[in-house]
file data.cif (mmCIF, C-alpha atoms)
data_protein
#
loop_
_atom_site.label_atom_id
_atom_site.label_comp_id
_atom_site.auth_asym_id
_atom_site.auth_seq_id
_atom_site.Cartn_x
_atom_site.Cartn_y
_atom_site.Cartn_z
CA MET Q 94 0.00 0.00 0.00
CA GLU Q 95 1.37 3.39 -1.00
CA SER Q 96 2.17 5.79 1.84
CA PRO Q 97 0.29 9.10 1.92
CA PRO Q 98 2.14 12.24 0.86
CA ASN Q 99 4.62 13.59 3.42
CA ALA Q 100 4.11 10.56 5.69
CA GLY Q 101 7.86 10.17 6.10
CA CYS Q 102 8.25 13.81 7.14
CA ARG Q 103 5.46 13.51 9.71
CA ALA Q 104 6.93 10.33 11.15
CA ALA Q 105 10.36 11.96 11.40
CA SER Q 106 8.82 14.94 13.15
CA ARG Q 107 7.18 12.70 15.76
CA THR Q 108 10.38 10.77 16.34
CA MET Q 109 12.62 13.82 16.67
CA ALA Q 110 10.25 16.24 18.40
CA GLY Q 111 12.39 16.33 21.51
CA ASP Q 112 15.55 16.79 19.50
CA GLU Q 113 13.98 19.58 17.48
CA SER Q 114 13.03 21.48 20.61
CA ARG Q 115 16.51 21.10 22.05
CA ILE Q 116 18.22 22.08 18.82
CA LEU Q 117 16.01 25.12 18.36
CA GLN Q 118 16.83 26.26 21.87
CA SER Q 119 20.53 25.86 21.06
CA VAL Q 120 20.06 28.00 17.97
CA ARG Q 121 18.31 30.68 20.04
CA ASP Q 122 21.09 30.56 22.61
CA ALA Q 123 23.66 31.00 19.84
CA ALA Q 124 21.70 33.94 18.44
CA ARG Q 125 21.87 35.63 21.83
CA GLU Q 126 25.66 35.48 21.63
CA GLU Q 127 25.46 37.92 18.71
CA THR Q 128 25.13 41.66 19.31
CA ALA Q 129 21.42 42.40 18.96
CA TRP Q 130 20.22 45.10 16.58
CA GLU Q 131 18.20 46.78 19.31
CA SER Q 132 21.16 46.88 21.72
CA GLY Q 133 22.31 50.24 20.40
CA PHE Q 134 25.85 48.97 19.80
CA VAL Q 135 25.61 48.04 16.10
CA PHE Q 136 27.14 50.81 13.95
CA ASN Q 137 29.17 48.73 11.50
CA THR Q 138 26.75 47.42 8.86
CA LEU Q 139 24.88 48.57 5.80
CA CYS Q 140 22.64 45.53 6.12
CA CYS Q 141 19.49 45.75 8.18
CA ARG Q 142 17.29 43.86 10.55
CA PRO Q 143 14.51 42.72 8.19
CA HIS Q 144 10.93 43.76 8.75
CA PRO Q 145 8.82 40.96 10.36
CA LEU Q 146 6.55 40.92 7.29
CA ALA Q 147 9.56 40.34 5.03
CA VAL Q 148 10.70 37.44 7.21
CA LYS Q 149 7.24 35.83 7.10
CA ALA Q 150 6.94 36.30 3.34
CA PHE Q 151 10.43 34.86 2.89
CA ALA Q 152 9.49 31.79 4.93
CA GLU Q 153 6.30 31.19 2.91
CA PHE Q 154 8.32 30.89 -0.31
CA ALA Q 155 11.63 29.62 1.07
CA ASP Q 156 10.99 26.11 -0.31
CA ARG Q 157 9.72 27.26 -3.72
CA ASN Q 158 12.14 26.94 -6.61
CA LEU Q 159 11.75 29.71 -9.21
CA LEU Q 160 13.44 27.44 -11.73
CA LYS Q 161 10.58 24.95 -11.62
CA GLU Q 162 7.52 25.16 -13.82
CA GLN Q 163 5.12 24.99 -10.89
CA SER Q 164 6.38 28.25 -9.38
CA THR Q 165 4.16 30.44 -11.53
CA ALA Q 166 3.18 32.68 -8.59
CA GLY Q 167 6.80 33.26 -7.57
CA ARG Q 168 7.86 34.22 -11.07
CA ARG Q 169 4.83 36.48 -11.43
CA MET Q 170 5.75 38.26 -8.20
CA GLU Q 171 9.31 38.67 -9.46
CA ARG Q 172 8.12 40.28 -12.70
CA GLU Q 173 5.94 42.67 -10.70
CA VAL Q 174 8.88 43.64 -8.50
CA VAL Q 175 11.17 44.21 -11.48
CA ARG Q 176 8.49 46.25 -13.24
CA ASP Q 177 7.88 48.47 -10.22
CA TYR Q 178 11.52 49.02 -9.35
CA SER Q 179 12.35 49.71 -12.98
CA SER Q 180 9.85 52.57 -12.87
CA TRP Q 181 11.76 54.04 -9.90
CA PHE Q 182 14.76 54.52 -12.15
CA GLY Q 183 12.96 55.45 -15.36
CA ALA Q 184 13.20 52.19 -17.31
CA ALA Q 185 10.63 51.51 -20.01
CA ASP Q 186 7.94 48.94 -19.22
CA GLN Q 187 9.21 45.57 -20.49
CA GLU Q 188 6.72 43.36 -18.64
CA GLY Q 189 9.15 42.81 -15.78
CA ARG Q 190 11.60 40.92 -17.94
CA ASN Q 191 14.44 43.44 -17.72
CA GLY Q 192 15.91 42.14 -14.49
CA TYR Q 193 15.56 39.64 -11.66
CA ILE Q 194 15.92 39.12 -7.93
CA CYS Q 195 19.48 38.00 -7.22
CA SER Q 196 21.48 37.17 -4.11
CA GLY Q 197 22.90 40.67 -3.67
CA GLY Q 198 25.08 43.34 -5.21
CA THR Q 199 28.01 41.00 -5.78
CA GLU Q 200 25.98 38.74 -8.07
CA GLY Q 201 24.31 41.74 -9.69
CA ASN Q 202 27.69 43.29 -10.51
CA PHE Q 203 28.87 40.01 -12.00
CA VAL Q 204 25.78 39.65 -14.20
CA ALA Q 205 26.11 43.24 -15.43
CA LEU Q 206 29.69 42.61 -16.58
CA TRP Q 207 28.78 39.19 -17.97
CA ALA Q 208 26.07 40.76 -20.13
CA ALA Q 209 28.40 43.55 -21.25
CA LYS Q 210 30.97 40.93 -22.26
CA ALA Q 211 28.33 39.02 -24.22
CA ARG Q 212 27.55 42.19 -26.16
CA GLN Q 213 31.20 43.12 -26.88
CA PRO Q 214 33.33 40.00 -26.42
CA ASP Q 215 36.50 41.57 -27.84
CA ARG Q 216 36.71 44.24 -25.13
CA ARG Q 217 38.28 43.56 -21.72
CA LYS Q 218 38.90 46.85 -19.90
CA VAL Q 219 36.71 47.87 -16.95
CA VAL Q 220 37.16 51.29 -15.35
CA VAL Q 221 36.28 51.76 -11.67
CA SER Q 222 37.07 54.24 -8.91
CA ARG Q 223 39.54 53.02 -6.29
CA TYR Q 224 36.85 52.92 -3.62
CA ALA Q 225 34.58 50.69 -5.75
CA HIS Q 226 33.37 47.37 -4.36
CA TYR Q 227 35.90 44.53 -4.27
CA SER Q 228 33.71 42.33 -6.49
CA TYR Q 229 35.09 43.82 -9.72
CA ASP Q 230 38.62 42.66 -8.97
CA ARG Q 231 37.18 39.31 -7.93
CA PHE Q 232 35.44 38.86 -11.30
CA ALA Q 233 38.41 39.91 -13.43
CA LEU Q 234 39.89 36.44 -13.81
CA PRO Q 235 36.77 34.34 -14.55
CA LEU Q 236 35.44 36.93 -17.01
CA GLY Q 237 38.83 37.62 -18.59
CA LEU Q 238 38.76 41.31 -17.68
CA SER Q 239 41.38 43.93 -16.95
CA VAL Q 240 40.29 46.29 -14.16
CA VAL Q 241 41.64 49.85 -14.17
CA SER Q 242 41.28 51.45 -10.75
CA VAL Q 243 41.21 55.26 -10.86
CA PRO Q 244 43.13 56.92 -8.00
CA LEU Q 245 41.72 59.30 -5.42
CA ASP Q 246 42.65 62.92 -4.74
CA GLU Q 247 43.78 64.41 -1.44
CA LYS Q 248 40.13 64.66 -0.32
CA LEU Q 249 39.68 60.93 -0.96
CA GLU Q 250 37.35 61.63 -3.89
CA VAL Q 251 37.88 59.96 -7.25
CA GLN Q 252 40.03 61.97 -9.66
CA LYS Q 253 37.39 62.88 -12.21
CA SER Q 254 39.81 63.85 -14.98
CA ALA Q 255 41.76 60.60 -14.57
CA PHE Q 256 38.51 58.62 -14.63
CA LEU Q 257 37.39 60.21 -17.90
CA GLU Q 258 40.83 59.81 -19.49
CA ALA Q 259 40.85 56.10 -18.66
CA ILE Q 260 37.73 55.48 -20.80
CA ASP Q 261 38.79 54.65 -24.36
CA SER Q 262 37.82 52.51 -27.34
CA THR Q 263 39.06 49.34 -25.62
CA THR Q 264 36.81 49.83 -22.58
CA LEU Q 265 34.12 47.20 -22.08
CA ALA Q 266 32.35 48.90 -19.18
CA VAL Q 267 32.59 51.76 -16.72
CA ILE Q 268 31.35 51.31 -13.17
CA VAL Q 269 29.59 54.22 -11.49
CA THR Q 270 29.71 53.73 -7.73
CA ALA Q 271 26.52 55.21 -6.28
CA GLY Q 272 27.56 55.03 -2.65
CA ASP Q 273 30.87 53.39 -1.91
CA PRO Q 274 30.58 50.88 0.94
CA VAL Q 275 32.91 52.79 3.28
CA LEU Q 276 32.02 56.49 3.10
CA GLY Q 277 29.04 56.74 0.78
CA ARG Q 278 30.91 58.58 -1.96
CA VAL Q 279 29.17 58.92 -5.33
CA ASP Q 280 30.95 59.02 -8.70
CA PRO Q 281 30.27 61.93 -11.12
CA LEU Q 282 27.53 60.15 -13.04
CA LEU Q 283 26.70 62.54 -15.88
CA GLU Q 284 30.30 63.10 -16.98
CA ILE Q 285 31.06 59.37 -16.90
CA ILE Q 286 27.95 58.48 -18.90
CA SER Q 287 28.87 61.04 -21.56
CA ALA Q 288 32.40 59.66 -21.90
CA ALA Q 289 31.14 56.07 -21.98
CA ARG Q 290 28.60 56.89 -24.68
CA ASP Q 291 31.34 58.50 -26.83
CA LYS Q 292 33.46 55.33 -26.62
CA GLY Q 293 30.56 52.89 -27.10
CA CYS Q 294 31.04 51.03 -23.82
CA ALA Q 295 28.56 49.83 -21.25
CA THR Q 296 27.73 51.79 -18.10
CA HIS Q 297 26.82 50.00 -14.89
CA ILE Q 298 25.62 51.73 -11.72
CA ASP Q 299 26.50 49.97 -8.50
CA ALA Q 300 23.75 51.29 -6.23
CA ALA Q 301 23.86 48.40 -3.77
CA TYR Q 302 24.26 51.02 -1.05
CA GLY Q 303 22.56 54.06 -2.55
CA GLY Q 304 19.63 52.45 -4.34
CA TYR Q 305 17.19 53.12 -1.49
CA LEU Q 306 18.56 56.60 -0.79
CA LEU Q 307 19.60 58.46 -3.96
CA PRO Q 308 16.18 58.48 -5.69
CA PHE Q 309 14.80 60.33 -2.65
CA LEU Q 310 17.57 62.81 -1.82
CA ASP Q 311 17.33 66.34 -3.23
CA GLU Q 312 20.93 66.31 -4.45
CA HIS Q 313 20.46 63.20 -6.60
CA ARG Q 314 16.72 62.71 -7.12
CA THR Q 315 16.31 64.30 -10.56
CA VAL Q 316 19.14 62.23 -12.04
CA TYR Q 317 18.51 58.86 -10.42
CA ARG Q 318 14.80 58.89 -11.19
CA ARG Q 319 15.66 58.53 -14.89
CA VAL Q 320 19.03 56.74 -15.14
CA LEU Q 321 17.54 53.65 -16.83
CA SER Q 322 15.38 55.59 -19.27
CA PRO Q 323 16.07 54.73 -22.94
CA SER Q 324 17.71 58.09 -23.67
CA PHE Q 325 19.98 58.28 -20.65
CA GLY Q 326 22.73 55.81 -21.51
CA VAL Q 327 22.98 53.57 -18.43
CA ASP Q 328 22.76 49.85 -19.19
CA THR Q 329 22.46 48.19 -15.78
CA LEU Q 330 21.91 49.01 -12.12
CA THR Q 331 22.09 46.96 -8.94
CA LEU Q 332 20.51 47.70 -5.57
CA ASP Q 333 20.27 45.68 -2.37
CA PRO Q 334 16.91 45.28 -0.62
CA HIS Q 335 18.80 43.63 2.24
CA LYS Q 336 20.52 46.92 3.01
CA TYR Q 337 18.04 49.78 3.40
CA GLY Q 338 15.04 47.90 1.97
CA LEU Q 339 14.22 45.97 5.19
CA CYS Q 340 14.57 42.56 3.50
CA PRO Q 341 16.50 39.48 4.69
CA LEU Q 342 20.12 38.91 3.73
CA GLY Q 343 20.67 37.30 0.36
CA THR Q 344 18.27 39.66 -1.42
CA GLY Q 345 19.46 41.81 -4.33
CA LEU Q 346 18.13 43.22 -7.58
CA ILE Q 347 19.73 43.62 -11.01
CA LEU Q 348 17.93 45.86 -13.52
CA PHE Q 349 18.58 46.37 -17.24
CA SER Q 350 17.51 49.39 -19.27
CA ASP Q 351 16.97 47.02 -22.23
CA LYS Q 352 15.93 43.42 -21.67
CA GLN Q 353 17.84 42.36 -24.80
CA ASP Q 354 21.09 42.67 -22.84
CA LEU Q 355 19.76 40.21 -20.26
CA ASP Q 356 18.50 37.99 -23.06
CA ARG Q 357 22.10 37.61 -24.27
CA VAL Q 358 23.00 35.62 -21.17
CA SER Q 359 19.80 33.56 -21.00
CA PHE Q 360 19.72 29.85 -21.77
CA SER Q 361 17.22 27.06 -22.19
CA VAL Q 362 16.91 24.60 -19.33
CA PRO Q 363 16.00 21.03 -20.37
CA PHE Q 364 14.72 20.01 -16.92
CA PRO Q 365 12.18 21.53 -16.78
CA PRO Q 366 11.99 22.98 -20.29
CA ILE Q 367 12.00 26.70 -19.39
CA GLU Q 368 14.15 29.70 -20.19
CA SER Q 369 16.56 30.73 -17.44
CA ARG Q 370 17.60 34.38 -17.54
CA THR Q 371 19.58 34.35 -14.29
CA PHE Q 372 23.09 33.48 -13.16
CA GLN Q 373 21.77 31.03 -10.60
CA GLY Q 374 20.05 27.79 -11.46
CA SER Q 375 17.69 26.79 -8.68
CA ARG Q 376 16.57 29.90 -6.78
CA SER Q 377 14.52 30.10 -3.64
CA GLY Q 378 11.36 32.17 -3.97
CA GLY Q 379 11.96 33.54 -0.46
CA PRO Q 380 13.87 36.68 -1.49
CA THR Q 381 11.31 37.51 -4.17
CA ALA Q 382 8.39 37.15 -1.76
CA ALA Q 383 10.14 39.36 0.79
CA VAL Q 384 10.84 42.15 -1.70
CA TRP Q 385 7.33 41.90 -3.12
CA ALA Q 386 5.75 42.12 0.34
CA MET Q 387 7.81 45.12 1.44
CA LEU Q 388 7.14 46.94 -1.81
CA ARG Q 389 3.41 46.42 -1.30
CA LEU Q 390 3.63 47.50 2.35
CA LEU Q 391 5.73 50.63 1.88
CA GLY Q 392 5.66 51.63 -1.77
CA TRP Q 393 7.51 54.64 -3.11
CA GLN Q 394 6.24 56.99 -0.41
CA GLY Q 395 7.09 54.66 2.45
CA TYR Q 396 10.63 54.15 1.24
CA ALA Q 397 10.98 57.91 0.71
CA GLU Q 398 10.04 58.50 4.35
CA LEU Q 399 12.51 55.84 5.50
CA ALA Q 400 15.30 57.44 3.45
CA GLU Q 401 14.59 60.86 4.93
CA SER Q 402 14.51 59.38 8.42
CA VAL Q 403 17.79 57.51 8.21
CA VAL Q 404 19.65 60.43 6.62
CA ALA Q 405 18.33 62.66 9.42
CA LYS Q 406 19.87 60.19 11.89
CA ARG Q 407 23.20 60.50 10.10
CA VAL Q 408 22.99 64.30 10.34
CA TYR Q 409 22.25 63.99 14.07
CA MET Q 410 25.22 61.65 14.46
CA GLU Q 411 27.42 64.04 12.50
CA ASN Q 412 26.40 66.99 14.70
CA ARG Q 413 27.04 65.07 17.92
CA LEU Q 414 30.57 64.20 16.80
CA ARG Q 415 31.14 67.70 15.48
CA SER Q 416 30.66 68.98 19.02
CA LEU Q 417 33.83 67.13 20.08
CA PRO Q 418 36.74 69.38 19.01
CA GLU Q 419 39.30 66.57 19.24
CA LEU Q 420 37.66 64.74 16.32
CA GLU Q 421 37.74 65.39 12.60
CA PHE Q 422 35.84 63.86 9.68
CA VAL Q 423 37.77 61.99 6.99
CA VAL Q 424 35.45 63.39 4.32
CA GLN Q 425 32.26 65.38 4.52
CA PRO Q 426 29.67 62.85 5.77
CA ARG Q 427 27.03 61.80 3.26
CA MET Q 428 24.14 59.40 2.96
CA THR Q 429 24.35 57.33 6.18
CA SER Q 430 28.13 57.09 6.69
CA VAL Q 431 30.46 59.04 8.96
CA GLY Q 432 34.23 58.47 8.94
CA PHE Q 433 36.13 60.10 11.80
CA ARG Q 434 39.41 60.08 13.71
CA ILE Q 435 41.21 61.99 16.43
CA ARG Q 436 42.73 65.04 14.84
CA GLY Q 437 46.41 64.44 14.05
CA ASP Q 438 46.68 61.42 16.34
CA GLU Q 439 46.59 58.01 14.65
CA PRO Q 440 47.80 56.07 17.74
CA GLY Q 441 45.11 57.84 19.76
CA THR Q 442 42.50 56.91 17.14
CA ARG Q 443 43.53 53.26 17.34
CA ALA Q 444 43.38 53.38 21.12
CA LEU Q 445 39.91 54.95 20.99
CA TYR Q 446 38.75 52.19 18.64
CA ASP Q 447 40.03 49.53 21.05
CA LYS Q 448 38.22 51.17 23.96
CA LEU Q 449 34.96 51.34 22.03
CA CYS Q 450 35.28 47.66 21.15
CA GLU Q 451 35.86 46.83 24.81
CA ALA Q 452 32.68 48.75 25.62
CA GLY Q 453 30.78 46.47 23.22
CA TYR Q 454 30.45 48.72 20.17
CA ARG Q 455 30.53 47.25 16.67
CA ILE Q 456 32.40 49.81 14.56
CA THR Q 457 34.35 49.26 11.34
CA PRO Q 458 38.03 50.29 11.33
CA GLN Q 459 39.63 51.50 8.09
CA VAL Q 460 43.36 51.66 7.44
CA ARG Q 461 43.70 53.69 4.20
CA PRO Q 462 45.07 56.30 3.81
CA ALA Q 463 45.38 56.38 7.59
CA PHE Q 464 43.53 54.68 10.40
CA PHE Q 465 39.99 55.93 10.98
CA MET Q 466 36.61 54.64 12.10
CA ARG Q 467 33.43 54.40 10.04
CA ILE Q 468 30.00 54.42 11.68
CA ILE Q 469 26.67 53.87 9.96
CA ALA Q 470 23.19 55.16 10.76
CA HIS Q 471 20.46 52.63 10.01
CA HIS Q 472 16.78 51.92 10.52
CA HIS Q 473 17.58 50.13 13.77
CA THR Q 474 19.56 53.14 15.06
CA GLU Q 475 17.85 55.28 17.70
CA LEU Q 476 18.87 58.82 18.65
CA SER Q 477 19.51 57.52 22.16
CA HIS Q 478 22.00 55.02 20.69
CA ILE Q 479 23.85 57.89 19.01
CA ASP Q 480 23.85 59.94 22.21
CA ARG Q 481 25.32 57.03 24.17
CA LEU Q 482 28.04 56.47 21.57
CA ALA Q 483 28.96 60.16 21.50
CA ASP Q 484 29.05 60.33 25.29
CA THR Q 485 31.26 57.23 25.42
CA ILE Q 486 33.68 58.79 22.92
CA ARG Q 487 33.75 62.07 24.86
CA ARG Q 488 34.66 60.28 28.09
CA GLN Q 489 37.53 58.46 26.35
CA LEU Q 490 39.10 61.53 24.75
#

call {"tool": "encode", "arguments": {"input": "data.cif", "output": "structure tokens"}}
result
Amino acid sequence: MESPPNAGCRAASRTMAGDESRILQSVRDAAREETAWESGFVFNTLCCRPHPLAVKAFAEFADRNLLKEQSTAGRRMEREVVRDYSSWFGAADQEGRNGYICSGGTEGNFVALWAAKARQPDRRKVVVSRYAHYSYDRFALPLGLSVVSVPLDEKLEVQKSAFLEAIDSTTLAVIVTAGDPVLGRVDPLLEIISAARDKGCATHIDAAYGGYLLPFLDEHRTVYRRVLSPSFGVDTLTLDPHKYGLCPLGTGLILFSDKQDLDRVSFSVPFPPIESRTFQGSRSGGPTAAVWAMLRLLGWQGYAELAESVVAKRVYMENRLRSLPELEFVVQPRMTSVGFRIRGDEPGTRALYDKLCEAGYRITPQVRPAFFMRIIAHHHTELSHIDRLADTIRRQL
């Protein structure tokens, strides 16, 4: 007699119920060893504590494979997400087929360069600013690329003239960093696009950090609301919902201004017989469900309010540190990042970092061009957390 569906799973659950309870408690105990988001000590990450709705939506689709023919709902949700986010950046409506939910900015950056290489296989040169994400150097070997890293000036900004001079007829792609992961610096987009268009190379915007901020900030709004429009000249853009989008880790988005570029790297899957337009094969529907749910919950206006709120926290953090005359900023703070050090005292800055770590703070140290600390304002950051940090620094100076 044939066993009913899932009978084996139910029997295993009955047998191991005690073990499951014990193991789950061990997992919870391990989680408590980590510094909790709400503790007020976490200042070192661009990633966020996901919204409870995003976690529940993720769980509902965690076991659904978007590669399989039965996942029609998951793929429909993905198309809706791509369509809606494309409209944020001015892309033409292509029925949600000009992008997909990926694992994060690293995969999105890879796919952007992969598609550019498929379009112009004889070109190898990729131009990036020196503060660009490490993923471009990581992809150089498997994609057969040569990465040119443009140096920074004395203010730690990219040398614009050197960047433009590096773009020539051998260039495959230029990378516009829309929020570098350390200090939130933004490359000069319009000048780079113009130079790239003249040389016939692809332009990719790495907005893994800035994707949920730049479309809403006065300084950048008018440009970033239209970067993927047909007349603008940008080919691809990545953003990370698991940063300021309140989605779980492992959730990214790659968007194309023209779906034909994504079509160039698509392939037919024989099992099941469907077209795969992604770098991954099997893909959990969890990330798609999470992004879809948060987009329905917040929409454009909700994310705009979140962007304004978190930037206001950064301004508050900046002002609290500015009141301490011993400190100086590495660059003018922007977006959600503040880099600071003790004025003219690198050993003292290192000692201050050690003391903050001993007090339980999670802060990222940087070593180039000299030692400094980077702190991040996020959705989980409260003004009281900032006050406590500033007061702790003041007592240590």

call {"tool": "atom_distance", "arguments": {"input": "data.cif", "atom1": "CA of Ile347 (chain Q)", "atom2": "CA of Gly201 (chain Q)"}}
result
5.1 Å

call {"tool": "residues_around", "arguments": {"input": "data.cif", "residues": "Pro274 (chain Q)", "least_positions_apart": "2", "cutoff": "10 Å", "atoms": "only C-alpha atoms", "output": "PyMOL selection string"}}
result
chain Q and resi 138-139+224-227+270-272+276-278+300-303+430

call {"tool": "atom_distance", "arguments": {"input": "data.cif", "atom1": "CA of Phe203 (chain Q)", "atom2": "CA of Ala383 (chain Q)"}}
result
22.7 Å

call {"tool": "residues_near_point", "arguments": {"input": "data.cif", "point": "(13.9, 27.2, -13.2)", "cutoff": "7 Å", "atoms": "all atoms listed in the file", "output": "MDAnalysis selection string"}}
result
chainID Q and resid 158:162 365 367 369 374:375

call {"tool": "residues_near_point", "arguments": {"input": "data.cif", "point": "(7.8, 30.3, 1.8)", "cutoff": "12 Å", "atoms": "all atoms listed in the file", "output": "list in words"}}
result
Ala147, Val148, Lys149, Ala150, Phe151, Ala152, Glu153, Phe154, Ala155, Asp156, Arg157, Asn158, Leu159, Ser164, Ala166, Gly167, Ser377, Gly378, Gly379, Pro380, Thr381, Ala382 and Ala383 of chain Q

call {"tool": "closest_residue", "arguments": {"input": "data.cif", "among": "Q:Ser402, Q:Glu475, Q:Arg481, Q:Pro426", "to": "Ala452 (chain Q)", "atoms": "only C-alpha atoms"}}
result
Q:Arg481

call {"tool": "resolve_selection", "arguments": {"input": "data.cif", "expression": "the PyMOL selection byres ((chain Q and resi 256) around 12)", "output": "PyMOL selection string"}}
result
chain Q and resi 219-223+241-246+250-255+257-261+264+267-269+280-282+284-286+288-289

call {"tool": "residues_around", "arguments": {"input": "data.cif", "residues": "Ser132 (chain Q)", "least_positions_apart": "4", "cutoff": "12 Å", "atoms": "all atoms listed in the file", "output": "list in words"}}
result
Arg125, Glu127, Thr128, Phe136, Gly453, Tyr454, Arg455, His473, Thr474, Glu475, Ser477, His478, Ile479, Arg481 and Leu482 of chain Q

call {"tool": "closest_residue", "arguments": {"input": "data.cif", "among": "Q:Pro462, Q:Pro145, Q:Gly395, Q:Gly343", "to": "Ile194 (chain Q)", "atoms": "all atoms listed in the file"}}
result
Q:Gly343

call {"tool": "residues_around", "arguments": {"input": "data.cif", "residues": "Ile486 (chain Q)", "least_positions_apart": "6", "cutoff": "9 Å", "atoms": "all atoms listed in the file", "output": "mmCIF file with C-alpha atoms, keeping the file's coordinate frame"}}
result
data_model
loop_
_atom_site.group_PDB
_atom_site.id
_atom_site.type_symbol
_atom_site.label_atom_id
_atom_site.label_comp_id
_atom_site.auth_asym_id
_atom_site.auth_seq_id
_atom_site.Cartn_x
_atom_site.Cartn_y
_atom_site.Cartn_z
ATOM 1 C CA LEU Q 414 30.570 64.200 16.800
ATOM 2 C CA LEU Q 417 33.830 67.130 20.080
ATOM 3 C CA LEU Q 445 39.910 54.950 20.990
ATOM 4 C CA LYS Q 448 38.220 51.170 23.960
ATOM 5 C CA LEU Q 449 34.960 51.340 22.030
#

call {"tool": "atom_distance", "arguments": {"input": "data.cif", "atom1": "CA of Asp484 (chain Q)", "atom2": "CA of Ile468 (chain Q)"}}
result
14.9 Å

call {"tool": "decode", "arguments": {"input": "data.cif", "residues": "region 353-370 of chain Q", "atoms": "N, CA and C atoms", "output": "PDB file, in the first residue's frame"}}
result
ATOM      1  N   GLN Q 353      17.048  43.124 -23.837  1.00  0.00           N
ATOM      2  CA  GLN Q 353      17.844  42.360 -24.796  1.00  0.00           C
ATOM      3  C   GLN Q 353      19.239  42.064 -24.266  1.00  0.00           C
ATOM      4  N   ASP Q 354      19.769  42.942 -23.422  1.00  0.00           N
ATOM      5  CA  ASP Q 354      21.086  42.670 -22.836  1.00  0.00           C
ATOM      6  C   ASP Q 354      21.020  41.491 -21.885  1.00  0.00           C
ATOM      7  N   LEU Q 355      19.933  41.377 -21.128  1.00  0.00           N
ATOM      8  CA  LEU Q 355      19.762  40.211 -20.259  1.00  0.00           C
ATOM      9  C   LEU Q 355      19.486  38.962 -21.090  1.00  0.00           C
ATOM     10  N   ASP Q 356      18.779  39.131 -22.192  1.00  0.00           N
ATOM     11  CA  ASP Q 356      18.496  37.991 -23.063  1.00  0.00           C
ATOM     12  C   ASP Q 356      19.779  37.340 -23.579  1.00  0.00           C
ATOM     13  N   ARG Q 357      20.845  38.143 -23.725  1.00  0.00           N
ATOM     14  CA  ARG Q 357      22.096  37.612 -24.271  1.00  0.00           C
ATOM     15  C   ARG Q 357      22.736  36.564 -23.363  1.00  0.00           C
ATOM     16  N   VAL Q 358      22.402  36.597 -22.087  1.00  0.00           N
ATOM     17  CA  VAL Q 358      22.999  35.617 -21.174  1.00  0.00           C
ATOM     18  C   VAL Q 358      21.953  34.605 -20.689  1.00  0.00           C
ATOM     19  N   SER Q 359      20.818  34.547 -21.357  1.00  0.00           N
ATOM     20  CA  SER Q 359      19.795  33.563 -21.002  1.00  0.00           C
ATOM     21  C   SER Q 359      20.113  32.228 -21.672  1.00  0.00           C
ATOM     22  N   PHE Q 360      19.503  31.163 -21.168  1.00  0.00           N
ATOM     23  CA  PHE Q 360      19.715  29.851 -21.772  1.00  0.00           C
ATOM     24  C   PHE Q 360      18.504  28.977 -21.505  1.00  0.00           C
ATOM     25  N   SER Q 361      18.348  27.976 -22.323  1.00  0.00           N
ATOM     26  CA  SER Q 361      17.220  27.062 -22.194  1.00  0.00           C
ATOM     27  C   SER Q 361      17.584  25.924 -21.258  1.00  0.00           C
ATOM     28  N   VAL Q 362      16.695  25.667 -20.311  1.00  0.00           N
ATOM     29  CA  VAL Q 362      16.907  24.599 -19.330  1.00  0.00           C
ATOM     30  C   VAL Q 362      16.099  23.377 -19.764  1.00  0.00           C
ATOM     31  N   PRO Q 363      16.744  22.208 -19.916  1.00  0.00           N
ATOM     32  CA  PRO Q 363      15.997  21.027 -20.366  1.00  0.00           C
ATOM     33  C   PRO Q 363      15.165  20.371 -19.271  1.00  0.00           C
ATOM     34  N   PHE Q 364      15.457  20.683 -18.010  1.00  0.00           N
ATOM     35  CA  PHE Q 364      14.724  20.012 -16.923  1.00  0.00           C
ATOM     36  C   PHE Q 364      14.424  21.013 -15.799  1.00  0.00           C
ATOM     37  N   PRO Q 365      13.263  21.609 -15.793  1.00  0.00           N
ATOM     38  CA  PRO Q 365      12.180  21.526 -16.776  1.00  0.00           C
ATOM     39  C   PRO Q 365      12.490  22.395 -17.989  1.00  0.00           C
ATOM     40  N   PRO Q 366      11.728  22.231 -19.056  1.00  0.00           N
ATOM     41  CA  PRO Q 366      11.993  22.984 -20.288  1.00  0.00           C
ATOM     42  C   PRO Q 366      11.519  24.436 -20.175  1.00  0.00           C
ATOM     43  N   ILE Q 367      12.325  25.279 -19.488  1.00  0.00           N
ATOM     44  CA  ILE Q 367      12.000  26.699 -19.386  1.00  0.00           C
ATOM     45  C   ILE Q 367      13.237  27.509 -19.721  1.00  0.00           C
ATOM     46  N   GLU Q 368      13.042  28.793 -19.945  1.00  0.00           N
ATOM     47  CA  GLU Q 368      14.154  29.698 -20.193  1.00  0.00           C
ATOM     48  C   GLU Q 368      14.657  30.251 -18.870  1.00  0.00           C
ATOM     49  N   SER Q 369      15.955  30.153 -18.627  1.00  0.00           N
ATOM     50  CA  SER Q 369      16.559  30.732 -17.435  1.00  0.00           C
ATOM     51  C   SER Q 369      17.313  31.995 -17.846  1.00  0.00           C
ATOM     52  N   ARG Q 370      16.969  33.101 -17.207  1.00  0.00           N
ATOM     53  CA  ARG Q 370      17.602  34.378 -17.540  1.00  0.00           C
ATOM     54  C   ARG Q 370      18.414  34.879 -16.342  1.00  0.00           C
TER      55      ARG Q 370
END
